[in-house]
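Raw final_22.cif, mmCIF, C-alpha atoms (C1' of nucleotides):
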data_my_file
#
loop_
_atom_site.label_atom_id
_atom_site.label_comp_id
_atom_site.auth_asym_id
_atom_site.auth_seq_id
_atom_site.Cartn_x
_atom_site.Cartn_y
_atom_site.Cartn_z
CA MET A 1 3.16 -32.09 25.00
CA THR A 2 4.44 -32.11 28.57
CA PRO A 3 2.53 -30.25 31.30
CA ARG A 4 5.41 -27.83 31.49
CA ASN A 5 4.95 -26.79 27.85
CA LYS A 6 1.25 -26.60 28.29
CA GLU A 7 1.73 -24.15 31.11
CA LEU A 8 4.12 -22.08 29.08
CA ASN A 9 1.73 -21.95 26.17
CA GLU A 10 -1.05 -20.81 28.43
CA LYS A 11 1.17 -18.06 29.66
CA VAL A 12 2.02 -16.94 26.15
CA LYS A 13 -1.65 -16.96 25.28
CA ASP A 14 -2.53 -14.87 28.31
CA GLU A 15 0.13 -12.37 27.43
CA ARG A 16 -1.18 -12.05 23.92
CA ARG A 17 -4.65 -11.54 25.29
CA GLU A 18 -3.26 -8.83 27.55
CA GLN A 19 -1.70 -7.06 24.59
CA ILE A 20 -4.96 -7.18 22.72
CA LEU A 21 -6.85 -5.79 25.68
CA SER A 22 -4.36 -3.03 26.25
CA ASN A 23 -4.44 -1.91 22.62
CA SER A 24 -8.21 -2.18 22.49
CA LEU A 25 -8.58 -0.03 25.59
CA ARG A 26 -6.73 2.84 23.98
CA LEU A 27 -8.56 2.42 20.68
CA PHE A 28 -12.04 2.11 22.15
CA ALA A 29 -11.41 5.13 24.35
CA LYS A 30 -10.09 7.31 21.53
CA LYS A 31 -12.31 6.19 18.68
CA GLY A 32 -15.33 4.67 20.33
CA LEU A 33 -16.62 1.12 20.05
CA ALA A 34 -18.39 1.52 16.71
CA ALA A 35 -15.58 3.36 14.95
CA THR A 36 -12.87 0.99 16.15
CA LYS A 37 -12.41 -1.64 13.49
CA ILE A 38 -11.24 -5.12 14.28
CA THR A 39 -8.36 -4.47 11.91
CA ASP A 40 -7.34 -1.44 13.97
CA ILE A 41 -6.89 -3.76 16.91
CA SER A 42 -5.06 -6.46 15.00
CA LYS A 43 -2.76 -3.91 13.37
CA ALA A 44 -1.96 -2.28 16.71
CA THR A 45 -1.17 -5.69 18.14
CA GLY A 46 0.90 -6.71 15.13
CA ILE A 47 -1.09 -9.79 14.21
CA SER A 48 -3.36 -10.72 11.34
CA GLN A 49 -7.02 -9.95 11.56
CA GLY A 50 -7.92 -13.64 11.41
CA LEU A 51 -5.69 -14.50 14.34
CA LEU A 52 -7.51 -12.09 16.58
CA TYR A 53 -10.48 -14.41 16.51
CA HIS A 54 -8.29 -17.07 18.01
CA TYR A 55 -8.17 -15.03 21.19
CA TYR A 56 -11.55 -13.31 21.26
CA LYS A 57 -14.69 -14.32 19.52
CA SER A 58 -15.93 -10.83 18.75
CA LYS A 59 -15.25 -7.14 19.11
CA ASP A 60 -18.03 -6.86 21.66
CA GLU A 61 -16.42 -9.51 23.83
CA ILE A 62 -13.25 -7.45 24.09
CA PHE A 63 -15.22 -4.34 24.95
CA ILE A 64 -17.18 -6.14 27.65
CA GLU A 65 -14.07 -7.64 29.21
CA LEU A 66 -12.43 -4.22 29.40
CA LEU A 67 -15.52 -2.68 30.89
CA ARG A 68 -15.74 -5.35 33.55
CA GLU A 69 -12.05 -4.89 34.33
CA GLY A 70 -12.47 -1.13 34.65
CA TYR A 71 -15.44 -1.42 36.94
CA ASN A 72 -13.77 -3.92 39.17
CA LYS A 73 -10.75 -1.69 39.56
CA MET A 74 -12.89 1.26 40.54
CA ILE A 75 -15.06 -0.58 42.98
CA GLU A 76 -12.06 -2.20 44.61
CA ALA A 77 -10.42 1.20 44.93
CA ALA A 78 -13.55 2.76 46.38
CA LEU A 79 -14.17 0.02 48.91
CA GLY A 80 -10.49 -0.07 49.82
CA LEU A 81 -10.55 3.65 50.43
CA GLU A 82 -13.66 3.43 52.56
CA SER A 83 -12.12 0.81 54.82
CA LEU A 84 -8.93 2.75 55.54
CA PRO A 85 -8.49 4.13 59.08
CA LEU A 86 -8.84 7.75 58.01
CA THR A 87 -11.23 10.60 58.66
CA PRO A 88 -13.89 11.24 56.01
CA LEU A 89 -12.08 14.38 54.92
CA GLU A 90 -8.81 12.51 54.53
CA LYS A 91 -10.57 9.89 52.47
CA ILE A 92 -12.09 12.40 50.08
CA LYS A 93 -8.77 14.21 49.78
CA MET A 94 -7.01 10.96 49.05
CA ALA A 95 -9.58 9.93 46.44
CA ILE A 96 -9.24 13.21 44.57
CA GLU A 97 -5.47 13.30 44.74
CA LYS A 98 -5.02 9.67 43.75
CA LEU A 99 -7.35 10.04 40.81
CA LEU A 100 -5.78 13.25 39.52
CA GLN A 101 -2.38 11.69 39.92
CA GLY A 102 -3.57 8.53 38.16
CA PHE A 103 -4.84 10.53 35.21
CA GLU A 104 -1.50 12.19 34.85
CA GLU A 105 0.74 9.18 35.30
CA ASN A 106 -1.18 6.47 33.53
CA LYS A 107 -3.52 7.19 30.69
CA ASP A 108 -5.29 3.88 31.25
CA THR A 109 -7.07 5.28 34.29
CA ALA A 110 -8.73 7.95 32.19
CA TYR A 111 -9.34 5.52 29.35
CA TYR A 112 -11.39 3.30 31.62
CA TYR A 113 -13.49 6.32 32.55
CA LEU A 114 -14.09 7.01 28.89
CA LEU A 115 -15.15 3.41 28.31
CA ILE A 116 -17.61 3.55 31.15
CA ASN A 117 -18.97 6.80 29.82
CA GLN A 118 -19.48 5.32 26.40
CA ALA A 119 -21.25 2.34 27.86
CA SER A 120 -23.42 4.60 30.00
CA ILE A 121 -24.34 7.15 27.38
CA PHE A 122 -24.61 5.19 24.17
CA GLU A 123 -27.55 3.00 23.35
CA ALA A 124 -25.78 0.99 20.72
CA ILE A 125 -23.68 -1.13 23.01
CA PRO A 126 -24.04 -4.82 23.90
CA ASP A 127 -26.59 -5.79 26.53
CA GLU A 128 -23.95 -7.26 28.76
CA ALA A 129 -22.16 -3.92 28.81
CA LYS A 130 -25.36 -2.19 29.83
CA GLU A 131 -25.68 -4.60 32.73
CA ILE A 132 -22.21 -3.81 34.00
CA VAL A 133 -22.71 -0.06 34.06
CA LYS A 134 -25.82 -0.45 36.16
CA SER A 135 -23.52 -1.18 39.09
CA ARG A 136 -22.44 2.45 38.88
CA SER A 137 -24.80 3.18 41.76
CA LEU A 138 -22.49 1.17 44.03
CA LEU A 139 -19.79 3.77 43.61
CA HIS A 140 -22.20 6.57 44.42
CA GLU A 141 -23.24 4.75 47.55
CA VAL A 142 -19.69 4.43 48.85
CA ILE A 143 -19.05 8.14 48.43
CA THR A 144 -22.43 9.02 49.89
CA ARG A 145 -21.56 7.04 53.01
CA ILE A 146 -18.23 8.81 53.40
CA ILE A 147 -19.91 12.19 52.95
CA THR A 148 -22.60 11.38 55.50
CA ALA A 149 -19.91 10.44 58.00
CA GLY A 150 -18.13 13.71 57.30
CA GLN A 151 -21.32 15.63 57.99
CA LYS A 152 -21.88 13.76 61.24
CA ASP A 153 -18.42 14.68 62.52
CA GLY A 154 -19.03 18.29 61.49
CA THR A 155 -16.27 18.75 58.94
CA PHE A 156 -18.40 18.69 55.77
CA LYS A 157 -20.99 21.13 54.52
CA ASN A 158 -24.58 20.10 55.03
CA TYR A 159 -26.01 19.79 51.54
CA ASP A 160 -27.88 16.65 50.52
CA PRO A 161 -25.14 13.98 50.60
CA LYS A 162 -26.50 12.36 47.44
CA ASP A 163 -26.24 15.65 45.60
CA MET A 164 -22.71 16.04 46.87
CA ALA A 165 -21.81 12.55 45.70
CA VAL A 166 -23.22 13.35 42.27
CA VAL A 167 -21.13 16.50 42.06
CA PHE A 168 -18.09 14.59 43.26
CA TRP A 169 -18.36 11.86 40.64
CA THR A 170 -19.42 14.04 37.76
CA SER A 171 -16.57 16.46 38.46
CA LEU A 172 -13.98 13.72 38.46
CA ASN A 173 -15.53 12.22 35.37
CA GLY A 174 -15.40 15.59 33.67
CA LEU A 175 -11.74 15.87 34.57
CA ALA A 176 -11.04 12.39 33.18
CA ILE A 177 -12.52 13.47 29.88
CA TYR A 178 -10.58 16.70 29.92
CA ASN A 179 -7.42 14.75 30.57
CA ALA A 180 -8.10 12.43 27.64
CA ILE A 181 -8.69 15.40 25.36
CA GLN A 182 -5.59 17.25 26.49
CA GLY A 183 -3.34 14.22 26.22
CA GLU A 184 0.24 15.05 27.07
CA ASP A 185 -0.68 18.66 27.77
CA PHE A 186 -2.80 17.72 30.76
CA LYS A 187 -1.89 19.46 33.97
CA PRO A 188 -4.14 18.49 36.88
CA PRO A 189 -5.81 21.42 38.66
CA ASP A 190 -5.05 22.01 42.34
CA ALA A 191 -6.94 19.32 44.27
CA ASN A 192 -7.97 21.87 46.93
CA ILE A 193 -10.31 23.52 44.44
CA LEU A 194 -12.43 20.38 44.36
CA ILE A 195 -12.23 19.94 48.10
CA GLY A 196 -14.02 23.30 48.34
CA ILE A 197 -17.13 21.37 47.37
CA PHE A 198 -17.02 19.58 50.70
CA ILE A 199 -15.55 21.96 53.28
CA GLU A 200 -14.90 25.61 54.02
CA ASP A 201 -11.19 26.15 53.79
CA MET B 1 -43.70 29.25 -10.34
CA THR B 2 -44.43 32.61 -8.73
CA PRO B 3 -41.95 34.17 -6.28
CA ARG B 4 -44.52 33.58 -3.59
CA ASN B 5 -44.44 29.81 -4.16
CA LYS B 6 -40.71 29.82 -4.33
CA GLU B 7 -40.55 31.43 -0.93
CA LEU B 8 -43.00 28.93 0.47
CA ASN B 9 -41.01 26.01 -0.90
CA GLU B 10 -37.86 27.37 0.63
CA LYS B 11 -39.61 27.56 3.94
CA VAL B 12 -40.82 23.98 3.72
CA LYS B 13 -37.33 22.88 2.83
CA ASP B 14 -35.87 24.74 5.79
CA GLU B 15 -38.39 23.14 8.10
CA ARG B 16 -37.56 19.71 6.84
CA ARG B 17 -33.89 20.43 7.37
CA GLU B 18 -34.70 21.54 10.90
CA GLN B 19 -36.48 18.27 11.57
CA ILE B 20 -33.55 16.29 10.27
CA LEU B 21 -31.15 18.28 12.43
CA SER B 22 -33.26 17.89 15.52
CA ASN B 23 -33.60 14.13 15.12
CA SER B 24 -29.92 13.77 14.29
CA LEU B 25 -28.91 15.68 17.40
CA ARG B 26 -30.71 13.22 19.64
CA LEU B 27 -29.41 10.21 17.72
CA PHE B 28 -25.80 11.37 17.51
CA ALA B 29 -25.85 12.19 21.22
CA LYS B 30 -27.34 8.86 22.26
CA LYS B 31 -25.65 6.51 19.82
CA GLY B 32 -22.58 8.34 18.66
CA LEU B 33 -21.68 9.43 15.16
CA ALA B 34 -20.37 6.08 13.94
CA ALA B 35 -23.21 3.97 15.33
CA THR B 36 -25.92 6.29 14.03
CA LYS B 37 -26.98 4.98 10.66
CA ILE B 38 -28.37 7.20 7.96
CA THR B 39 -31.50 5.05 8.05
CA ASP B 40 -31.92 5.80 11.77
CA ILE B 41 -32.16 9.46 10.87
CA SER B 42 -34.50 8.97 7.93
CA LYS B 43 -36.77 6.68 9.95
CA ALA B 44 -36.93 9.14 12.84
CA THR B 45 -37.81 11.90 10.41
CA GLY B 46 -40.37 9.76 8.63
CA ILE B 47 -38.82 9.97 5.18
CA SER B 48 -37.09 7.51 2.90
CA GLN B 49 -33.38 7.04 3.18
CA GLY B 50 -32.86 8.28 -0.35
CA LEU B 51 -34.70 11.53 0.29
CA LEU B 52 -32.36 12.45 3.07
CA TYR B 53 -29.65 13.03 0.50
CA HIS B 54 -31.84 15.66 -1.03
CA TYR B 55 -31.32 17.76 2.09
CA TYR B 56 -27.83 16.85 3.19
CA LYS B 57 -25.06 15.36 1.18
CA SER B 58 -23.64 13.14 3.89
CA LYS B 59 -23.92 12.06 7.50
CA ASP B 60 -20.79 14.00 8.33
CA GLU B 61 -22.30 17.19 6.98
CA ILE B 62 -25.22 16.91 9.41
CA PHE B 63 -22.86 16.26 12.30
CA ILE B 64 -20.73 19.25 11.44
CA GLU B 65 -23.71 21.56 11.11
CA LEU B 66 -24.99 20.50 14.53
CA LEU B 67 -21.60 20.95 16.10
CA ARG B 68 -21.26 24.43 14.68
CA GLU B 69 -24.73 25.29 15.93
CA GLY B 70 -23.96 24.01 19.43
CA TYR B 71 -20.74 25.95 19.65
CA ASN B 72 -22.30 29.15 18.49
CA LYS B 73 -25.04 28.87 21.09
CA MET B 74 -22.52 28.34 23.88
CA ILE B 75 -20.20 31.12 22.86
CA GLU B 76 -23.09 33.54 22.46
CA ALA B 77 -24.37 32.58 25.89
CA ALA B 78 -20.93 32.98 27.47
CA LEU B 79 -20.23 36.36 25.90
CA GLY B 80 -23.75 37.52 26.68
CA LEU B 81 -23.26 36.55 30.30
CA GLU B 82 -19.93 38.32 30.52
CA SER B 83 -21.37 41.58 29.25
CA LEU B 84 -24.25 41.70 31.74
CA PRO B 85 -24.07 44.39 34.46
CA LEU B 86 -23.55 41.88 37.28
CA THR B 87 -20.84 41.11 39.79
CA PRO B 88 -18.52 38.19 38.95
CA LEU B 89 -20.21 36.08 41.62
CA GLU B 90 -23.64 36.79 40.21
CA LYS B 91 -22.41 35.85 36.76
CA ILE B 92 -21.03 32.52 37.91
CA LYS B 93 -24.18 31.78 39.87
CA MET B 94 -26.30 32.61 36.88
CA ALA B 95 -24.22 30.44 34.56
CA ILE B 96 -24.52 27.43 36.83
CA GLU B 97 -28.22 27.89 37.50
CA LYS B 98 -29.11 28.53 33.88
CA LEU B 99 -27.19 25.49 32.73
CA LEU B 100 -28.62 23.14 35.34
CA GLN B 101 -32.07 24.44 34.56
CA GLY B 102 -31.41 24.04 30.83
CA PHE B 103 -30.37 20.43 31.31
CA GLU B 104 -33.57 19.72 33.12
CA GLU B 105 -35.99 21.55 30.85
CA ASN B 106 -34.58 20.90 27.46
CA LYS B 107 -32.57 17.80 26.66
CA ASP B 108 -31.04 19.51 23.63
CA THR B 109 -28.77 21.55 25.86
CA ALA B 110 -27.15 18.41 27.23
CA TYR B 111 -27.17 16.75 23.81
CA TYR B 112 -25.03 19.55 22.42
CA TYR B 113 -22.56 18.97 25.23
CA LEU B 114 -22.41 15.30 24.32
CA LEU B 115 -21.78 16.14 20.69
CA ILE B 116 -18.94 18.45 21.58
CA ASN B 117 -17.49 15.79 23.82
CA GLN B 118 -17.59 13.23 21.06
CA ALA B 119 -15.94 15.62 18.68
CA SER B 120 -13.28 16.45 21.27
CA ILE B 121 -12.51 12.94 22.42
CA PHE B 122 -12.86 10.78 19.33
CA GLU B 123 -10.26 10.67 16.62
CA ALA B 124 -12.57 9.26 14.00
CA ILE B 125 -14.51 12.41 13.26
CA PRO B 126 -14.36 14.69 10.23
CA ASP B 127 -11.56 17.23 10.04
CA GLU B 128 -13.99 20.11 9.94
CA ALA B 129 -15.46 18.96 13.26
CA LYS B 130 -11.99 18.92 14.79
CA GLU B 131 -11.49 22.48 13.67
CA ILE B 132 -14.67 23.63 15.38
CA VAL B 133 -13.82 22.12 18.73
CA LYS B 134 -10.52 23.92 18.79
CA SER B 135 -12.45 27.09 19.60
CA ARG B 136 -13.22 25.50 22.96
CA SER B 137 -10.46 27.63 24.48
CA LEU B 138 -12.59 30.71 23.86
CA LEU B 139 -15.09 29.48 26.44
CA HIS B 140 -12.34 28.87 28.98
CA GLU B 141 -11.06 32.37 28.42
CA VAL B 142 -14.40 34.00 29.14
CA ILE B 143 -14.76 32.14 32.43
CA THR B 144 -11.15 32.80 33.34
CA ARG B 145 -11.75 36.54 32.89
CA ILE B 146 -14.81 36.45 35.13
CA ILE B 147 -12.92 34.51 37.78
CA THR B 148 -9.98 36.90 37.70
CA ALA B 149 -12.39 39.80 38.20
CA GLY B 150 -13.95 37.97 41.14
CA GLN B 151 -10.54 37.54 42.71
CA LYS B 152 -9.69 41.21 42.24
CA ASP B 153 -12.86 42.29 44.06
CA GLY B 154 -12.08 39.84 46.84
CA THR B 155 -15.11 37.57 46.63
CA PHE B 156 -13.45 34.54 45.00
CA LYS B 157 -10.86 32.16 46.36
CA ASN B 158 -7.32 32.71 45.14
CA TYR B 159 -6.41 29.56 43.28
CA ASP B 160 -5.01 29.75 39.75
CA PRO B 161 -7.94 31.18 37.75
CA LYS B 162 -7.17 28.87 34.85
CA ASP B 163 -7.39 25.85 37.14
CA MET B 164 -10.67 27.15 38.48
CA ALA B 165 -12.02 27.61 34.96
CA VAL B 166 -11.03 24.05 34.14
CA VAL B 167 -12.84 22.73 37.19
CA PHE B 168 -15.85 24.87 36.35
CA TRP B 169 -16.19 23.60 32.80
CA THR B 170 -15.34 19.99 33.47
CA SER B 171 -17.82 19.88 36.34
CA LEU B 172 -20.63 21.23 34.22
CA ASN B 173 -19.66 18.91 31.42
CA GLY B 174 -19.72 15.99 33.82
CA LEU B 175 -23.19 17.03 34.93
CA ALA B 176 -24.38 17.26 31.33
CA ILE B 177 -23.27 13.70 30.80
CA TYR B 178 -24.89 12.57 34.00
CA ASN B 179 -28.10 14.25 32.92
CA ALA B 180 -28.03 12.49 29.57
CA ILE B 181 -27.51 9.15 31.30
CA GLN B 182 -30.25 9.71 33.84
CA GLY B 183 -32.76 10.91 31.29
CA GLU B 184 -36.11 11.65 32.86
CA ASP B 185 -34.78 10.72 36.30
CA PHE B 186 -32.36 13.62 36.33
CA LYS B 187 -32.67 15.91 39.31
CA PRO B 188 -30.12 18.74 39.27
CA PRO B 189 -28.00 19.01 42.41
CA ASP B 190 -28.17 22.18 44.50
CA ALA B 191 -26.27 24.85 42.58
CA ASN B 192 -24.68 26.13 45.81
CA ILE B 193 -22.56 22.98 45.98
CA LEU B 194 -20.76 24.02 42.83
CA ILE B 195 -20.48 27.59 43.94
CA GLY B 196 -18.38 26.27 46.84
CA ILE B 197 -15.62 25.90 44.28
CA PHE B 198 -15.43 29.67 43.99
CA ILE B 199 -16.31 31.17 47.35
CA GLU B 200 -16.51 30.43 51.06
CA ASP B 201 -20.16 30.30 51.97
"C1'" DG C 1 -39.94 16.05 -3.88
"C1'" DT C 2 -40.33 11.54 -3.00
"C1'" DC C 3 -39.82 6.77 -3.49
"C1'" DT C 4 -37.66 2.14 -4.76
"C1'" DA C 5 -33.92 -0.21 -6.62
"C1'" DT C 6 -29.20 -0.85 -6.99
"C1'" DA C 7 -24.15 -0.09 -7.24
"C1'" DT C 8 -20.29 -0.07 -4.35
"C1'" DC C 9 -17.73 -0.65 -0.61
"C1'" DC C 10 -16.23 -2.12 3.75
"C1'" DA C 11 -16.25 -4.65 8.00
"C1'" DG C 12 -17.08 -8.75 10.93
"C1'" DA C 13 -16.49 -13.28 11.08
"C1'" DT C 14 -15.22 -18.00 9.17
"C1'" DA C 15 -12.60 -21.61 6.54
"C1'" DG C 16 -8.83 -23.81 5.30
"C1'" DA C 17 -3.85 -24.16 4.11
"C1'" DC C 18 0.60 -24.27 6.32
"C1'" DG D 1 -0.75 -20.61 16.18
"C1'" DT D 2 -0.65 -18.04 12.29
"C1'" DC D 3 -1.71 -16.53 7.84
"C1'" DT D 4 -4.46 -15.59 3.45
"C1'" DA D 5 -8.65 -16.02 1.15
"C1'" DT D 6 -13.42 -15.75 1.24
"C1'" DC D 7 -18.26 -15.49 2.66
"C1'" DT D 8 -21.87 -12.65 4.15
"C1'" DG D 9 -24.24 -8.79 5.69
"C1'" DG D 10 -24.98 -4.18 6.16
"C1'" DA D 11 -24.37 0.78 5.24
"C1'" DT D 12 -23.45 4.87 2.26
"C1'" DA D 13 -24.52 6.97 -1.57
"C1'" DT D 14 -26.47 7.23 -6.35
"C1'" DA D 15 -29.76 6.46 -10.21
"C1'" DG D 16 -33.88 6.53 -12.15
"C1'" DA D 17 -38.98 6.14 -12.14
"C1'" DC D 18 -43.09 8.65 -10.73
#
Can you turn what I pasted into structure tokens?
Amino acid sequence: MTPRNKELNEKVKDERREQILSNSLRLFAKKGLAATKITDISKATGISQGLLYHYYKSKDEIFIELLREGYNKMIEAALGLESLPLTPLEKIKMAIEKLLQGFEENKDTAYYYLLINQASIFEAIPDEAKEIVKSRSLLHEVITRIITAGQKDGTFKNYDPKDMAVVFWTSLNGLAIYNAIQGEDFKPPDANILIGIFIED
Amino acid sequence: MTPRNKELNEKVKDERREQILSNSLRLFAKKGLAATKITDISKATGISQGLLYHYYKSKDEIFIELLREGYNKMIEAALGLESLPLTPLEKIKMAIEKLLQGFEENKDTAYYYLLINQASIFEAIPDEAKEIVKSRSLLHEVITRIITAGQKDGTFKNYDPKDMAVVFWTSLNGLAIYNAIQGEDFKPPDANILIGIFIED
DNA sequence: GTCTATATCCAGATAGAC
DNA sequence: GTCTATCTGGATATAGAC
């Protein structure tokens, strides 16, 4: 086998792994880890159940990889947002709008939220998954910093910034769930309603 | 067997059923329907696995009964709130405070939320459970009516009342989830933060 | 009513042929 | 790489003894 073919094969393998991940994300989000059968995933991907083990060594491994992926995306987005040359208010507005828009345009965004929720709430998930969700506090910290800055410059209300960050995240999480439940019927609420948490308008 | 004994036996049976329900609620909320094994429930209740089938004919039946119970409690609470002789603002304040307080004092309140979420999100739940969660819209309608009244009397902001009801419910739902995740560490955020969704303060 | 034993089924994972 | 066949374990539900 020439190096060229080797490279091509690797690419094909990666693509197949991508397909598996993508199908698993939807299934895990809509059925939950325990209720999603390995055959559900193989059927959705159009391969035999045995072949799936050629790409991943267990159902848990797929779940963990997706969870890690989801977390990384969120943390990157949060840190990216924080570093933009914007006022705190503009940052919060942008976060809310981007997320609501993301929910509407691409179901994957909301699916990742559902995965993280599962991993956070449920006890019966792999240890490695539990480890990943512990980093949740990082996201709270980013938002808390932005809120504190917004209070310093006088634009934000003066409640405990940690409380405000909790309300911020739990509200968006609640909306992600609502979006997943509504499916195609989802219509995002006016972003200004949520911004009322932070400022007088 | 005298009627007196019959009555007593019925009572004992009801109590045992109550214990099973109570343990199942916690387990279903924390592990999910699919990952909760019938032996988990019997162990928690301190009875043999076989005996459980004397009280309920399947795991699904227990789940459905709990779901129905949770819904009835919420709808009763919502309708009760609506009929109180209070202003719309007072009603909303009361709803938020009572719920946050309920989350803190009694984990069952949040567990019911988690059950309803599972039933709403997951596809792999019994048909009868799906039917129950369809009545969710009733709760939205009650809050929408209160919001509309608050807009008429000029105290509430003038966004689409349906959007505001969505934000209201999804926020509280998000907080219920957060509470369940935090467990004993849960400290409810200042209720006034949420009230900022509705009014200028 | 309560338990232990067991029938039945199904799912995760592996083995081996092509 | 891909499939079919199979092993193994575990979970639901039932049966039957006490």
- request: With a distance cut-off of 12 Å and all atoms listed in the file, select the neighbouring residues of region 3-8 of chain C, excluding the residue or stretch itself and same-chain residues fewer than 3 positions from it, and output the selection as a list in words.
  value: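 Skipping anything fewer than 3 positions along the chain leaves Ile47, Ser48, Gln49, Gly50, Leu51 and Leu52 of chain B; DA11, DT12, DA13, DT14, DA15, DG16, DA17 and DC18 of chain D.
Compared by their closest atoms to chain C, and using all atoms listed in the file, the residues A:Arg26, A:Lys57, A:Lys43, A:Arg16 rank with A:Lys57 nearest.
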field: Between CA of Pro188 (chain B) and CA of Glu104 (chain B), distance in Å (one decimal)
entry: 7.1 Å
Residue hits in chain A, query chain B, radius 8 Å, all atoms listed in the file, as a PDB file with C-alpha atoms, in the frame of the given file:
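Saved to out_21.pdb:
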ATOM      1  CA  ALA A  29     -11.410   5.130  24.350  1.00  0.00           C
ATOM      2  CA  LYS A  30     -10.090   7.310  21.530  1.00  0.00           C
ATOM      3  CA  LYS A  31     -12.310   6.190  18.680  1.00  0.00           C
ATOM      4  CA  GLY A  32     -15.330   4.670  20.330  1.00  0.00           C
ATOM      5  CA  ALA A  34     -18.390   1.520  16.710  1.00  0.00           C
ATOM      6  CA  ALA A  35     -15.580   3.360  14.950  1.00  0.00           C
ATOM      7  CA  SER A 120     -23.420   4.600  30.000  1.00  0.00           C
ATOM      8  CA  ILE A 121     -24.340   7.150  27.380  1.00  0.00           C
ATOM      9  CA  PHE A 122     -24.610   5.190  24.170  1.00  0.00           C
ATOM     10  CA  GLU A 123     -27.550   3.000  23.350  1.00  0.00           C
ATOM     11  CA  ALA A 124     -25.780   0.990  20.720  1.00  0.00           C
ATOM     12  CA  TYR A 159     -26.010  19.790  51.540  1.00  0.00           C
ATOM     13  CA  ASP A 163     -26.240  15.650  45.600  1.00  0.00           C
ATOM     14  CA  MET A 164     -22.710  16.040  46.870  1.00  0.00           C
ATOM     15  CA  VAL A 166     -23.220  13.350  42.270  1.00  0.00           C
ATOM     16  CA  VAL A 167     -21.130  16.500  42.060  1.00  0.00           C
ATOM     17  CA  THR A 170     -19.420  14.040  37.760  1.00  0.00           C
ATOM     18  CA  SER A 171     -16.570  16.460  38.460  1.00  0.00           C
ATOM     19  CA  LEU A 172     -13.980  13.720  38.460  1.00  0.00           C
ATOM     20  CA  ASN A 173     -15.530  12.220  35.370  1.00  0.00           C
ATOM     21  CA  GLY A 174     -15.400  15.590  33.670  1.00  0.00           C
ATOM     22  CA  LEU A 175     -11.740  15.870  34.570  1.00  0.00           C
ATOM     23  CA  ILE A 177     -12.520  13.470  29.880  1.00  0.00           C
ATOM     24  CA  TYR A 178     -10.580  16.700  29.920  1.00  0.00           C
ATOM     25  CA  ALA A 180      -8.100  12.430  27.640  1.00  0.00           C
ATOM     26  CA  ILE A 181      -8.690  15.400  25.360  1.00  0.00           C
ATOM     27  CA  PRO A 189      -5.810  21.420  38.660  1.00  0.00           C
ATOM     28  CA  ASP A 190      -5.050  22.010  42.340  1.00  0.00           C
ATOM     29  CA  ILE A 193     -10.310  23.520  44.440  1.00  0.00           C
ATOM     30  CA  LEU A 194     -12.430  20.380  44.360  1.00  0.00           C
ATOM     31  CA  ILE A 195     -12.230  19.940  48.100  1.00  0.00           C
ATOM     32  CA  GLY A 196     -14.020  23.300  48.340  1.00  0.00           C
ATOM     33  CA  ILE A 197     -17.130  21.370  47.370  1.00  0.00           C
ATOM     34  CA  PHE A 198     -17.020  19.580  50.700  1.00  0.00           C
ATOM     35  CA  GLU A 200     -14.900  25.610  54.020  1.00  0.00           C
ATOM     36  CA  ASP A 201     -11.190  26.150  53.790  1.00  0.00           C
TER      37      ASP A 201
END
- request: For the structure provided, state which residues fall under the PyMOL selection byres ((chain B) within 9 of (chain D)), and present them as an MDAnalysis selection string.
  value: chainID B and resid 37:39 50 53 57:59
Requested write-out: C-alpha atoms of the selected residues, as a CSV table (one decimal), in the coordinates of the input:
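Below is the file that was written, out.csv:
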chain,number,residue,atom,x,y,z
B,37,LYS,CA,-27.0,5.0,10.7
B,38,ILE,CA,-28.4,7.2,8.0
B,39,THR,CA,-31.5,5.0,8.0
B,50,GLY,CA,-32.9,8.3,-0.4
B,53,TYR,CA,-29.6,13.0,0.5
B,57,LYS,CA,-25.1,15.4,1.2
B,58,SER,CA,-23.6,13.1,3.9
B,59,LYS,CA,-23.9,12.1,7.5
